[in-house]
>>> print(open('run29.cif').read())   # mmCIF, C-alpha atoms
data_start
loop_
_atom_site.label_atom_id
_atom_site.label_comp_id
_atom_site.auth_asym_id
_atom_site.auth_seq_id
_atom_site.Cartn_x
_atom_site.Cartn_y
_atom_site.Cartn_z
CA MET A 1 -4.41 -14.96 23.17
CA VAL A 2 -4.99 -12.17 20.64
CA ALA A 3 -8.36 -11.95 18.90
CA ILE A 4 -8.52 -10.37 15.45
CA ILE A 5 -12.08 -9.28 14.77
CA LYS A 6 -13.44 -10.88 11.61
CA TYR A 7 -15.81 -8.73 9.57
CA ASN A 8 -16.46 -7.55 6.03
CA ALA A 9 -13.76 -4.87 5.92
CA GLY A 10 -10.84 -6.70 7.44
CA ASN A 11 -7.42 -6.77 5.82
CA THR A 12 -6.69 -9.73 8.00
CA GLN A 13 -4.11 -11.66 6.01
CA SER A 14 -1.25 -9.19 6.54
CA VAL A 15 -2.10 -8.67 10.21
CA MET A 16 -2.04 -12.43 10.73
CA CYS A 17 1.30 -12.67 8.91
CA ALA A 18 2.77 -9.96 11.14
CA LEU A 19 1.60 -11.74 14.31
CA LYS A 20 3.03 -15.01 13.00
CA ARG A 21 6.37 -13.29 12.51
CA LEU A 22 6.17 -12.01 16.10
CA GLY A 23 5.41 -15.57 17.25
CA VAL A 24 2.17 -14.50 18.92
CA PRO A 25 -0.82 -16.88 19.08
CA PHE A 26 -4.04 -15.40 17.68
CA ILE A 27 -7.51 -16.27 16.46
CA LEU A 28 -9.52 -14.64 13.70
CA THR A 29 -13.08 -14.57 15.00
CA ASP A 30 -16.45 -12.85 15.21
CA ASP A 31 -17.55 -15.00 18.12
CA GLU A 32 -18.49 -12.99 21.23
CA ARG A 33 -17.17 -15.52 23.74
CA GLU A 34 -13.81 -15.83 21.97
CA ILE A 35 -13.41 -12.06 21.69
CA ARG A 36 -14.33 -11.51 25.35
CA SER A 37 -11.79 -14.02 26.54
CA ALA A 38 -8.90 -12.51 24.57
CA ASP A 39 -6.10 -10.57 26.31
CA HIS A 40 -5.76 -8.16 23.38
CA VAL A 41 -8.07 -7.38 20.49
CA ILE A 42 -7.02 -6.13 17.04
CA PHE A 43 -9.58 -4.52 14.77
CA PRO A 44 -8.13 -4.18 11.27
CA GLY A 45 -9.90 -2.48 8.43
CA VAL A 46 -9.68 -1.72 4.77
CA GLY A 47 -12.90 -0.66 3.15
CA GLU A 48 -15.78 1.73 3.46
CA ALA A 49 -17.13 3.05 6.79
CA ARG A 50 -20.89 2.81 6.25
CA SER A 51 -21.04 -0.79 5.02
CA ALA A 52 -18.58 -1.80 7.75
CA MET A 53 -20.77 -0.23 10.47
CA SER A 54 -23.97 -1.84 9.10
CA TYR A 55 -22.26 -5.22 9.10
CA LEU A 56 -21.01 -4.76 12.67
CA LYS A 57 -24.44 -3.61 13.89
CA GLU A 58 -26.32 -6.49 12.27
CA ARG A 59 -24.10 -9.00 14.00
CA GLY A 60 -24.16 -7.37 17.43
CA ILE A 61 -20.45 -6.56 17.27
CA VAL A 62 -21.03 -2.84 17.92
CA SER A 63 -22.31 -3.35 21.48
CA LEU A 64 -19.70 -6.05 22.04
CA ILE A 65 -16.80 -3.73 21.10
CA ARG A 66 -18.22 -0.92 23.24
CA SER A 67 -18.23 -3.17 26.29
CA LEU A 68 -14.68 -4.51 25.96
CA ASP A 69 -12.13 -3.54 28.60
CA MET A 70 -8.92 -5.24 27.41
CA PRO A 71 -6.39 -3.32 25.22
CA PHE A 72 -7.96 -2.82 21.79
CA LEU A 73 -6.15 -1.63 18.66
CA GLY A 74 -7.99 -0.29 15.61
CA ILE A 75 -5.95 -0.13 12.40
CA CYS A 76 -6.74 2.25 9.51
CA LEU A 77 -10.53 2.02 8.99
CA GLY A 78 -10.56 0.15 12.32
CA MET A 79 -9.24 3.32 13.97
CA GLN A 80 -11.67 5.59 12.11
CA LEU A 81 -14.61 3.45 13.25
CA LEU A 82 -13.72 4.21 16.90
CA SER A 83 -14.70 7.85 16.25
CA SER A 84 -18.10 9.50 16.73
CA PHE A 85 -18.72 10.31 13.08
CA SER A 86 -17.17 9.87 9.64
CA GLU A 87 -17.79 12.04 6.59
CA GLU A 88 -17.43 8.86 4.52
CA ASN A 89 -21.10 8.44 3.53
CA ASP A 90 -22.09 10.35 6.71
CA THR A 91 -21.62 7.42 9.04
CA GLU A 92 -22.31 7.29 12.78
CA CYS A 93 -19.41 5.25 14.16
CA LEU A 94 -18.70 3.44 17.44
CA ASP A 95 -18.40 6.72 19.39
CA LEU A 96 -15.72 5.40 21.73
CA VAL A 97 -13.42 8.36 21.13
CA PRO A 98 -14.55 11.99 20.70
CA LEU A 99 -13.28 12.45 17.17
CA SER A 100 -14.51 13.23 13.67
CA ILE A 101 -13.30 11.74 10.41
CA ARG A 102 -12.97 14.13 7.47
CA ARG A 103 -12.28 13.77 3.76
CA PHE A 104 -9.06 15.04 2.22
CA GLU A 105 -10.05 17.79 -0.19
CA LYS A 106 -8.48 17.80 -3.65
CA ARG A 107 -5.68 20.31 -3.85
CA ASP A 108 -2.99 20.98 -6.45
CA GLY A 109 0.08 18.82 -5.99
CA TYR A 110 -1.50 16.48 -3.44
CA LYS A 111 -2.66 13.06 -4.52
CA ILE A 112 -5.58 11.22 -2.93
CA PRO A 113 -5.47 8.63 -1.42
CA HIS A 114 -2.64 9.65 0.88
CA MET A 115 -0.58 6.60 -0.06
CA GLY A 116 2.94 5.69 0.97
CA TRP A 117 5.39 6.24 3.80
CA ASN A 118 5.00 9.34 5.94
CA THR A 119 6.50 10.48 9.23
CA VAL A 120 4.70 10.04 12.55
CA SER A 121 5.41 12.55 15.36
CA PHE A 122 4.32 11.07 18.65
CA ASP A 123 3.95 12.38 22.20
CA GLU A 124 6.68 10.92 24.39
CA GLY A 125 5.49 8.44 26.96
CA CYS A 126 2.98 6.44 24.97
CA PRO A 127 3.87 2.75 25.31
CA LEU A 128 2.91 2.02 21.68
CA PHE A 129 6.00 3.88 20.47
CA ASN A 130 8.51 2.49 22.98
CA GLY A 131 11.90 2.00 21.31
CA ILE A 132 10.81 3.74 18.08
CA SER A 133 12.51 6.99 17.01
CA ASN A 134 10.25 10.00 16.79
CA ASP A 135 9.34 11.02 13.22
CA SER A 136 9.88 7.50 11.92
CA TYR A 137 8.15 6.50 8.69
CA PHE A 138 5.00 4.35 8.64
CA TYR A 139 2.91 3.16 5.68
CA PHE A 140 -0.42 4.90 5.03
CA VAL A 141 -3.27 4.35 2.55
CA HIS A 142 -6.39 6.42 3.18
CA SER A 143 -8.66 9.10 1.72
CA TYR A 144 -10.25 10.16 5.03
CA TYR A 145 -8.40 11.36 8.13
CA ALA A 146 -9.03 11.83 11.84
CA GLU A 147 -8.94 15.49 12.80
CA ASP A 148 -6.30 16.55 15.32
CA ALA A 149 -7.97 16.12 18.73
CA ASP A 150 -7.27 15.67 22.45
CA CYS A 151 -7.11 11.90 22.05
CA ALA A 152 -4.24 12.17 19.49
CA ILE A 153 -0.99 10.63 20.68
CA ALA A 154 0.72 11.07 17.28
CA ARG A 155 0.28 13.38 14.33
CA THR A 156 1.18 13.40 10.63
CA ASP A 157 1.07 16.12 7.99
CA TYR A 158 -0.42 15.75 4.53
CA ASP A 159 -2.20 18.01 2.12
CA GLY A 160 -1.42 20.98 4.37
CA ILE A 161 -3.37 19.25 7.12
CA THR A 162 -2.12 17.90 10.44
CA PHE A 163 -4.17 14.85 11.33
CA SER A 164 -4.21 12.31 14.19
CA SER A 165 -2.14 9.34 13.05
CA ALA A 166 -2.49 7.54 16.40
CA ILE A 167 -5.09 7.95 19.14
CA ALA A 168 -5.66 6.56 22.62
CA LYS A 169 -8.53 6.72 25.09
CA ASP A 170 -8.79 4.33 28.04
CA ASN A 171 -8.16 0.84 26.65
CA PHE A 172 -8.86 1.88 23.04
CA TYR A 173 -5.91 2.61 20.74
CA GLY A 174 -5.99 3.42 17.06
CA VAL A 175 -3.42 3.93 14.31
CA GLN A 176 -4.20 5.37 10.90
CA PHE A 177 -1.14 3.75 9.30
CA HIS A 178 -0.61 0.02 8.75
CA PRO A 179 1.89 -1.28 11.33
CA GLU A 180 1.66 -4.71 9.67
CA LYS A 181 3.08 -3.11 6.48
CA SER A 182 5.55 -0.70 8.07
CA GLY A 183 8.68 -2.81 8.28
CA GLU A 184 10.57 -3.23 11.55
CA ASP A 185 9.08 -0.16 13.25
CA GLY A 186 5.60 -1.44 12.47
CA LEU A 187 6.34 -4.83 13.99
CA ARG A 188 7.80 -3.08 17.02
CA LEU A 189 4.60 -1.09 17.47
CA LEU A 190 2.46 -4.24 17.28
CA SER A 191 4.73 -5.95 19.75
CA ASN A 192 4.55 -2.92 22.07
CA PHE A 193 0.75 -3.02 21.92
CA LEU A 194 0.77 -6.69 22.91
CA LYS A 195 3.45 -6.44 25.61
CA GLU A 196 3.22 -2.93 27.02
CA THR A 197 -0.51 -2.38 27.30
CA ARG A 198 -2.87 -4.21 29.63
CA MET B 1 6.37 14.63 4.78
CA LEU B 2 5.16 11.93 2.41
CA ALA B 3 8.21 10.11 1.02
CA LYS B 4 8.88 9.35 -2.63
CA ARG B 5 8.88 5.58 -3.04
CA ILE B 6 11.55 3.32 -4.57
CA ILE B 7 10.05 0.11 -5.96
CA PRO B 8 12.03 -2.85 -7.32
CA CYS B 9 10.09 -5.01 -9.77
CA LEU B 10 10.59 -8.78 -9.91
CA ASP B 11 9.56 -10.85 -12.91
CA ILE B 12 8.36 -14.28 -11.86
CA LYS B 13 8.15 -17.28 -14.15
CA ASP B 14 7.02 -20.69 -12.89
CA GLY B 15 7.56 -19.50 -9.33
CA ARG B 16 11.13 -18.32 -9.90
CA VAL B 17 12.63 -14.87 -10.38
CA VAL B 18 13.91 -14.39 -13.91
CA LYS B 19 16.60 -11.86 -14.77
CA GLY B 20 17.67 -11.70 -11.14
CA ILE B 21 20.48 -14.20 -11.23
CA ASN B 22 23.20 -11.72 -10.38
CA PHE B 23 21.60 -10.43 -7.23
CA LEU B 24 23.97 -9.75 -4.34
CA SER B 25 25.17 -12.85 -2.60
CA LEU B 26 21.92 -14.64 -2.07
CA ARG B 27 22.14 -18.38 -1.73
CA ASP B 28 19.25 -18.69 -4.10
CA ALA B 29 18.81 -15.56 -6.21
CA GLY B 30 16.00 -17.24 -8.11
CA SER B 31 13.84 -17.38 -4.99
CA PRO B 32 11.23 -14.60 -4.95
CA VAL B 33 10.98 -14.85 -1.17
CA GLU B 34 14.71 -14.43 -0.61
CA MET B 35 14.93 -11.50 -3.01
CA ALA B 36 11.92 -9.88 -1.41
CA ARG B 37 13.51 -10.20 2.02
CA ALA B 38 16.81 -8.78 0.78
CA TYR B 39 15.13 -5.79 -0.88
CA SER B 40 13.04 -5.14 2.19
CA ALA B 41 16.20 -5.08 4.32
CA LEU B 42 17.90 -2.69 1.88
CA GLY B 43 15.08 -0.19 2.29
CA ALA B 44 12.81 -0.82 -0.71
CA ASP B 45 9.50 0.91 0.01
CA GLU B 46 7.32 -1.53 -1.88
CA LEU B 47 7.73 -4.44 -4.27
CA VAL B 48 6.02 -5.37 -7.51
CA PHE B 49 5.87 -9.01 -8.64
CA LEU B 50 4.98 -9.54 -12.26
CA ASP B 51 3.99 -13.10 -13.08
CA ILE B 52 4.98 -13.92 -16.65
CA THR B 53 4.21 -17.63 -16.37
CA ALA B 54 2.80 -18.76 -19.67
CA THR B 55 0.50 -21.62 -18.77
CA VAL B 56 -2.66 -21.49 -16.69
CA GLU B 57 -1.73 -24.78 -15.06
CA LYS B 58 1.50 -23.43 -13.59
CA ARG B 59 -0.13 -20.14 -12.55
CA LYS B 60 -2.12 -22.05 -9.95
CA ASN B 61 0.93 -22.04 -7.72
CA LEU B 62 0.92 -18.24 -7.62
CA SER B 63 -1.33 -18.03 -4.54
CA ALA B 64 1.02 -20.21 -2.52
CA LEU B 65 3.96 -18.04 -3.56
CA VAL B 66 2.10 -14.84 -2.66
CA ARG B 67 1.30 -16.28 0.78
CA ASP B 68 4.94 -17.22 1.26
CA ILE B 69 6.05 -13.67 0.35
CA SER B 70 3.41 -12.17 2.61
CA GLU B 71 4.64 -14.20 5.56
CA ASN B 72 8.21 -13.10 4.99
CA ILE B 73 8.13 -9.34 4.42
CA SER B 74 6.35 -6.49 6.15
CA ILE B 75 6.25 -3.90 3.37
CA PRO B 76 3.46 -3.51 0.82
CA PHE B 77 3.55 -5.45 -2.44
CA THR B 78 1.67 -5.59 -5.70
CA VAL B 79 1.08 -8.65 -7.85
CA GLY B 80 0.38 -8.38 -11.57
CA GLY B 81 0.47 -10.43 -14.74
CA GLY B 82 -2.50 -12.21 -16.21
CA ILE B 83 -5.14 -10.84 -13.82
CA GLY B 84 -8.27 -10.78 -15.96
CA GLY B 85 -11.12 -10.94 -13.49
CA LEU B 86 -12.35 -10.89 -9.90
CA ASP B 87 -11.34 -14.50 -9.22
CA ASP B 88 -7.70 -13.95 -10.24
CA ALA B 89 -7.53 -10.79 -8.13
CA TYR B 90 -9.27 -12.41 -5.16
CA ALA B 91 -6.78 -15.28 -5.15
CA VAL B 92 -3.74 -13.01 -4.78
CA ILE B 93 -5.33 -10.48 -2.43
CA GLU B 94 -6.68 -13.23 -0.20
CA SER B 95 -3.15 -14.67 -0.10
CA GLY B 96 -1.76 -11.40 1.23
CA ALA B 97 -0.97 -9.11 -1.72
CA ASP B 98 -1.82 -5.48 -0.99
CA LYS B 99 -2.61 -4.51 -4.57
CA VAL B 100 -3.11 -6.07 -7.96
CA SER B 101 -1.94 -4.50 -11.19
CA ILE B 102 -3.85 -4.87 -14.43
CA ASN B 103 -2.72 -3.89 -17.91
CA SER B 104 -3.82 -5.39 -21.25
CA ALA B 105 -6.93 -6.98 -19.71
CA ALA B 106 -8.18 -3.54 -18.64
CA VAL B 107 -7.64 -2.11 -22.13
CA ARG B 108 -9.63 -4.98 -23.63
CA ARG B 109 -12.36 -4.71 -20.98
CA PRO B 110 -12.25 -1.37 -19.11
CA SER B 111 -15.09 -2.37 -16.74
CA LEU B 112 -12.56 -4.69 -15.08
CA ILE B 113 -11.26 -1.58 -13.28
CA ASP B 114 -14.74 -0.77 -11.90
CA GLU B 115 -15.26 -4.38 -10.82
CA LEU B 116 -11.96 -4.63 -8.96
CA ALA B 117 -12.27 -1.20 -7.34
CA GLY B 118 -15.85 -1.97 -6.29
CA ARG B 119 -14.92 -5.28 -4.74
CA PHE B 120 -11.53 -4.53 -3.14
CA GLY B 121 -11.37 -0.72 -2.97
CA SER B 122 -9.44 1.67 -5.20
CA GLN B 123 -6.31 1.40 -3.06
CA CYS B 124 -5.95 -2.23 -4.22
CA VAL B 125 -6.08 -1.49 -7.94
CA VAL B 126 -2.98 -0.38 -9.86
CA LEU B 127 -3.56 0.39 -13.53
CA ALA B 128 -0.35 -0.40 -15.42
CA VAL B 129 -0.11 1.54 -18.67
CA ASP B 130 2.61 0.96 -21.28
CA VAL B 131 3.06 3.77 -23.78
CA ARG B 132 5.08 4.75 -26.85
CA LYS B 133 5.63 8.18 -28.37
CA ASN B 134 3.04 9.02 -31.02
CA ASP B 135 2.73 12.68 -32.02
CA ALA B 136 -0.51 12.04 -33.86
CA LEU B 137 -2.32 11.70 -30.48
CA SER B 138 -3.22 14.66 -28.28
CA SER B 139 -0.97 13.81 -25.32
CA GLY B 140 1.81 12.69 -27.71
CA TYR B 141 1.76 9.11 -26.36
CA GLU B 142 -0.13 5.98 -27.37
CA VAL B 143 -1.10 3.06 -25.13
CA VAL B 144 0.45 -0.25 -26.22
CA ILE B 145 -0.39 -3.72 -24.90
CA GLU B 146 0.93 -7.27 -24.89
CA GLY B 147 4.35 -6.21 -23.71
CA GLY B 148 4.53 -3.34 -26.20
CA ARG B 149 3.91 -5.46 -29.27
CA LYS B 150 0.43 -4.20 -30.03
CA ARG B 151 -0.69 -0.60 -30.60
CA THR B 152 -4.17 0.34 -29.41
CA GLY B 153 -4.76 3.79 -30.91
CA LEU B 154 -5.66 4.99 -27.39
CA ASP B 155 -4.27 8.31 -26.21
CA ALA B 156 -2.23 7.74 -23.03
CA LEU B 157 -3.66 10.63 -21.01
CA SER B 158 -7.30 9.93 -21.98
CA TRP B 159 -6.93 6.26 -21.05
CA ILE B 160 -5.31 7.10 -17.71
CA LYS B 161 -8.04 9.66 -16.94
CA GLU B 162 -10.63 7.02 -17.78
CA GLY B 163 -8.90 4.54 -15.48
CA GLU B 164 -8.91 7.11 -12.67
CA LYS B 165 -12.61 7.78 -13.20
CA ARG B 166 -13.38 4.06 -13.17
CA GLY B 167 -11.69 3.77 -9.78
CA CYS B 168 -8.08 2.65 -9.98
CA GLY B 169 -6.01 3.98 -7.08
CA GLU B 170 -2.63 4.33 -8.71
CA ILE B 171 -1.01 4.46 -12.16
CA LEU B 172 2.11 2.48 -13.08
CA LEU B 173 3.34 4.21 -16.23
CA THR B 174 6.01 2.56 -18.37
CA SER B 175 7.61 4.31 -21.31
CA MET B 176 8.41 1.49 -23.73
CA ASP B 177 10.68 3.88 -25.64
CA HIS B 178 12.84 4.24 -22.52
CA ASP B 179 12.47 0.76 -21.03
CA GLY B 180 15.79 -1.11 -21.00
CA THR B 181 17.81 1.86 -22.33
CA LYS B 182 19.16 3.02 -18.94
CA ASN B 183 19.12 6.57 -20.35
CA GLY B 184 16.74 7.96 -17.76
CA PHE B 185 12.98 8.04 -17.22
CA ALA B 186 10.60 9.82 -19.62
CA ILE B 187 10.50 13.11 -17.74
CA ASP B 188 8.04 15.03 -19.95
CA LEU B 189 5.66 12.10 -20.13
CA ASN B 190 5.62 11.57 -16.36
CA SER B 191 5.26 15.24 -15.58
CA ARG B 192 2.41 15.65 -18.08
CA ILE B 193 0.50 12.68 -16.68
CA SER B 194 1.21 13.32 -13.00
CA THR B 195 0.00 16.92 -13.06
CA ASN B 196 -3.22 15.86 -14.80
CA ILE B 197 -4.37 13.19 -12.34
CA ASP B 198 -5.28 13.17 -8.65
CA ILE B 199 -3.99 9.67 -7.86
CA PRO B 200 -0.34 8.65 -7.32
CA LEU B 201 1.91 7.94 -10.30
CA ILE B 202 4.67 5.31 -10.38
CA ALA B 203 7.22 6.03 -13.12
CA SER B 204 8.89 3.10 -14.88
CA GLY B 205 11.28 2.54 -17.75
CA GLY B 206 14.77 3.89 -18.30
CA ALA B 207 16.41 3.97 -14.85
CA GLY B 208 20.19 3.86 -15.23
CA ARG B 209 21.77 6.19 -12.67
CA ALA B 210 20.85 7.74 -9.32
CA GLU B 211 20.38 11.10 -11.08
CA ASP B 212 17.57 9.59 -13.14
CA PHE B 213 15.57 9.01 -9.94
CA TYR B 214 16.23 12.57 -8.80
CA ASP B 215 15.00 13.88 -12.16
CA VAL B 216 11.84 11.81 -12.27
CA PHE B 217 10.85 12.90 -8.75
CA SER B 218 11.76 16.60 -9.09
CA LEU B 219 11.05 17.33 -12.77
CA GLY B 220 8.85 14.35 -13.62
CA LYS B 221 6.60 14.87 -10.54
CA ALA B 222 6.36 11.12 -10.02
CA ASP B 223 5.25 9.83 -6.60
CA ALA B 224 7.24 6.61 -6.91
CA ALA B 225 9.82 5.12 -9.26
CA LEU B 226 10.09 1.49 -10.32
CA ALA B 227 13.11 -0.29 -11.74
CA ALA B 228 14.32 -3.85 -12.20
CA SER B 229 17.73 -4.62 -13.63
CA VAL B 230 19.67 -1.72 -12.10
CA PHE B 231 18.66 -3.07 -8.71
CA HIS B 232 18.91 -6.77 -9.53
CA PHE B 233 22.43 -6.41 -10.94
CA HIS B 234 23.36 -4.08 -8.13
CA GLU B 235 24.31 -1.23 -10.44
CA ILE B 236 22.38 0.95 -8.02
CA ASP B 237 22.28 0.17 -4.31
CA ILE B 238 18.93 1.20 -2.82
CA THR B 239 20.47 2.39 0.45
CA ASP B 240 23.00 4.59 -1.40
CA LEU B 241 20.31 5.84 -3.77
CA LYS B 242 18.13 6.97 -0.88
CA ARG B 243 21.00 8.78 0.81
CA TYR B 244 21.80 10.54 -2.46
CA LEU B 245 18.16 11.60 -2.92
CA LYS B 246 17.90 12.77 0.68
CA ASP B 247 21.06 14.88 0.30
CA ARG B 248 19.50 16.50 -2.75
CA GLY B 249 16.34 17.43 -0.85
CA ILE B 250 13.98 14.64 -1.90
CA ALA B 251 11.89 13.17 0.96
CA VAL B 252 12.70 9.47 1.22
CA ARG B 253 12.31 6.91 3.97
CA ILE B 254 15.69 6.10 5.48
#
>>> encode(input="run29.cif", output="structure tokens")
Amino acid sequence: MVAIIKYNAGNTQSVMCALKRLGVPFILTDDEREIRSADHVIFPGVGEARSAMSYLKERGIVSLIRSLDMPFLGICLGMQLLSSFSEENDTECLDLVPLSIRRFEKRDGYKIPHMGWNTVSFDEGCPLFNGISNDSYFYFVHSYYAEDADCAIARTDYDGITFSSAIAKDNFYGVQFHPEKSGEDGLRLLSNFLKETR
Amino acid sequence: MLAKRIIPCLDIKDGRVVKGINFLSLRDAGSPVEMARAYSALGADELVFLDITATVEKRKNLSALVRDISENISIPFTVGGGIGGLDDAYAVIESGADKVSINSAAVRRPSLIDELAGRFGSQCVVLAVDVRKNDALSSGYEVVIEGGRKRTGLDALSWIKEGEKRGCGEILLTSMDHDGTKNGFAIDLNSRISTNIDIPLIASGGAGRAEDFYDVFSLGKADAALAASVFHFHEIDITDLKRYLKDRGIAVRI
């Protein structure tokens, strides 16, 4: 069973639709027992870091997430919240991955948010990208980015900046793009996460 | 590199696609879900659904349709037409739409932009702006509403800047002078607007040939281009169009 964590910044509908298309059973829940008993956990996110973290803290989900040991995938804001710190309203995050989240600075010719399809260059060998061609396009929408760091398993360029577009540390994975909105390659990545990681 | 986006637009009336009757060899070319699937397979980067259903009663079925679309495609899509408040927007976003587009309602009540951006985030809010040439205004273009029938006296660039300030995440700019002509996009208009805003610009109105898309991306500085009939009637094949653009040095997703 896959648990999708329910909270105030979830973009859960499209993630649920993608899992339905993959034929994978899932539950949308904020219940500790249900999350602990899941084989895989997905942590989606569209919204603002500070209010998301306050919500998660109030409901005890912060300590719950930190203690999980099954494969865990953060998507978009869900990935950024795995970091130590986000410049978005100076937010202390889950601190599961040594990483900082920065704001794209305004620059001539570059629009913010970084919105649309961009290429993802991944390190060979990561199971998330099995069967996907390197430099394939994935769909992004974000105004903050994860700096390039040791935990990066894939990188993307925008605004003259190379940022981490996918990260991994222990059982925690994160992707800045939206696999649930990235066509066939996106579905493949979700399926890889569910089948190839344990 | 961030790709330029190609966006087919589907007009929906009473749950059916209108103007799309000639589309490829679909069993049911009036089915929004089937057309969405076909466009997704051809390589469309996003879709826009514009609901032109006249009666409130029939609009109630929109949420079910949006859910059906959401379950059948895995690319982003925007729903617009008649969204006048938080409840309308919530219904389509909750059903799986990635963005809502607002047009006349935002001109009549600009705070609608702030409300939607505050509740759903800027990335969910597309401000659709229809304009006509008017040299009496400082940018040379005037905002028109109600499908182009009503002038507003608003300068296009000032209104778009206001929309950006109020929190919309993207501009969908239609030149009513070019719409339906198939003589190419409004290059000067798009370039003037795009270089004066910090959010992405979708150009619309006038697509007739593959060259028009090249021009609006290279000269018009648009981030995305939207068209309807040239795609629906298969005058331009999206796969061929993307190959053509790629060969001419435009970054596209293939």
>>> closest_residue(input="run29.cif", among="A:Asp148, A:Asp123, A:Asp185, A:Asp157", to="chain B", atoms="only C-alpha atoms")
A:Asp157
>>> resolve_selection(input="run29.cif", expression="the PyMOL selection byres ((chain A) within 9 of (chain B))", output="mmCIF file with C-alpha atoms, in the frame of the given file")
data_model
loop_
_atom_site.group_PDB
_atom_site.id
_atom_site.type_symbol
_atom_site.label_atom_id
_atom_site.label_comp_id
_atom_site.auth_asym_id
_atom_site.auth_seq_id
_atom_site.Cartn_x
_atom_site.Cartn_y
_atom_site.Cartn_z
ATOM 1 C CA ASN A 11 -7.420 -6.770 5.820
ATOM 2 C CA THR A 12 -6.690 -9.730 8.000
ATOM 3 C CA GLN A 13 -4.110 -11.660 6.010
ATOM 4 C CA SER A 14 -1.250 -9.190 6.540
ATOM 5 C CA MET A 16 -2.040 -12.430 10.730
ATOM 6 C CA CYS A 17 1.300 -12.670 8.910
ATOM 7 C CA ALA A 18 2.770 -9.960 11.140
ATOM 8 C CA LYS A 20 3.030 -15.010 13.000
ATOM 9 C CA ARG A 21 6.370 -13.290 12.510
ATOM 10 C CA VAL A 46 -9.680 -1.720 4.770
ATOM 11 C CA GLY A 47 -12.900 -0.660 3.150
ATOM 12 C CA GLU A 48 -15.780 1.730 3.460
ATOM 13 C CA LYS A 106 -8.480 17.800 -3.650
ATOM 14 C CA ARG A 107 -5.680 20.310 -3.850
ATOM 15 C CA ASP A 108 -2.990 20.980 -6.450
ATOM 16 C CA GLY A 109 0.080 18.820 -5.990
ATOM 17 C CA TYR A 110 -1.500 16.480 -3.440
ATOM 18 C CA LYS A 111 -2.660 13.060 -4.520
ATOM 19 C CA ILE A 112 -5.580 11.220 -2.930
ATOM 20 C CA PRO A 113 -5.470 8.630 -1.420
ATOM 21 C CA HIS A 114 -2.640 9.650 0.880
ATOM 22 C CA MET A 115 -0.580 6.600 -0.060
ATOM 23 C CA GLY A 116 2.940 5.690 0.970
ATOM 24 C CA TRP A 117 5.390 6.240 3.800
ATOM 25 C CA ASN A 118 5.000 9.340 5.940
ATOM 26 C CA THR A 119 6.500 10.480 9.230
ATOM 27 C CA SER A 136 9.880 7.500 11.920
ATOM 28 C CA TYR A 137 8.150 6.500 8.690
ATOM 29 C CA TYR A 139 2.910 3.160 5.680
ATOM 30 C CA VAL A 141 -3.270 4.350 2.550
ATOM 31 C CA HIS A 142 -6.390 6.420 3.180
ATOM 32 C CA THR A 156 1.180 13.400 10.630
ATOM 33 C CA ASP A 157 1.070 16.120 7.990
ATOM 34 C CA TYR A 158 -0.420 15.750 4.530
ATOM 35 C CA PRO A 179 1.890 -1.280 11.330
ATOM 36 C CA GLU A 180 1.660 -4.710 9.670
ATOM 37 C CA LYS A 181 3.080 -3.110 6.480
ATOM 38 C CA SER A 182 5.550 -0.700 8.070
ATOM 39 C CA GLY A 183 8.680 -2.810 8.280
ATOM 40 C CA GLU A 184 10.570 -3.230 11.550
ATOM 41 C CA GLY A 186 5.600 -1.440 12.470
ATOM 42 C CA LEU A 187 6.340 -4.830 13.990
#
>>> atom_distance(input="run29.cif", atom1="CA of Arg132 in chain B", atom2="CA of Asp51 in chain B")
22.6 Å
>>> residues_near_point(input="run29.cif", point="(-6.0, -11.5, -22.8)", cutoff="12 Å", atoms="all atoms listed in the file", output="VMD selection string")
chain B and resid 54 81 to 85 102 to 109 145 to 147
>>> resolve_selection(input="run29.cif", expression="the PyMOL selection byres ((chain A and resi 85-96) around 8)", output="PDB file with C-alpha atoms, in the coordinates of the input")
ATOM      1  CA  GLU A  48     -15.780   1.730   3.460  1.00  0.00           C
ATOM      2  CA  ALA A  49     -17.130   3.050   6.790  1.00  0.00           C
ATOM      3  CA  ARG A  50     -20.890   2.810   6.250  1.00  0.00           C
ATOM      4  CA  MET A  53     -20.770  -0.230  10.470  1.00  0.00           C
ATOM      5  CA  VAL A  62     -21.030  -2.840  17.920  1.00  0.00           C
ATOM      6  CA  ARG A  66     -18.220  -0.920  23.240  1.00  0.00           C
ATOM      7  CA  GLN A  80     -11.670   5.590  12.110  1.00  0.00           C
ATOM      8  CA  LEU A  81     -14.610   3.450  13.250  1.00  0.00           C
ATOM      9  CA  LEU A  82     -13.720   4.210  16.900  1.00  0.00           C
ATOM     10  CA  SER A  83     -14.700   7.850  16.250  1.00  0.00           C
ATOM     11  CA  SER A  84     -18.100   9.500  16.730  1.00  0.00           C
ATOM     12  CA  VAL A  97     -13.420   8.360  21.130  1.00  0.00           C
ATOM     13  CA  PRO A  98     -14.550  11.990  20.700  1.00  0.00           C
ATOM     14  CA  LEU A  99     -13.280  12.450  17.170  1.00  0.00           C
ATOM     15  CA  SER A 100     -14.510  13.230  13.670  1.00  0.00           C
ATOM     16  CA  ILE A 101     -13.300  11.740  10.410  1.00  0.00           C
ATOM     17  CA  ARG A 102     -12.970  14.130   7.470  1.00  0.00           C
ATOM     18  CA  ARG A 103     -12.280  13.770   3.760  1.00  0.00           C
ATOM     19  CA  TYR A 144     -10.250  10.160   5.030  1.00  0.00           C
ATOM     20  CA  PHE A 172      -8.860   1.880  23.040  1.00  0.00           C
TER      21      PHE A 172
END
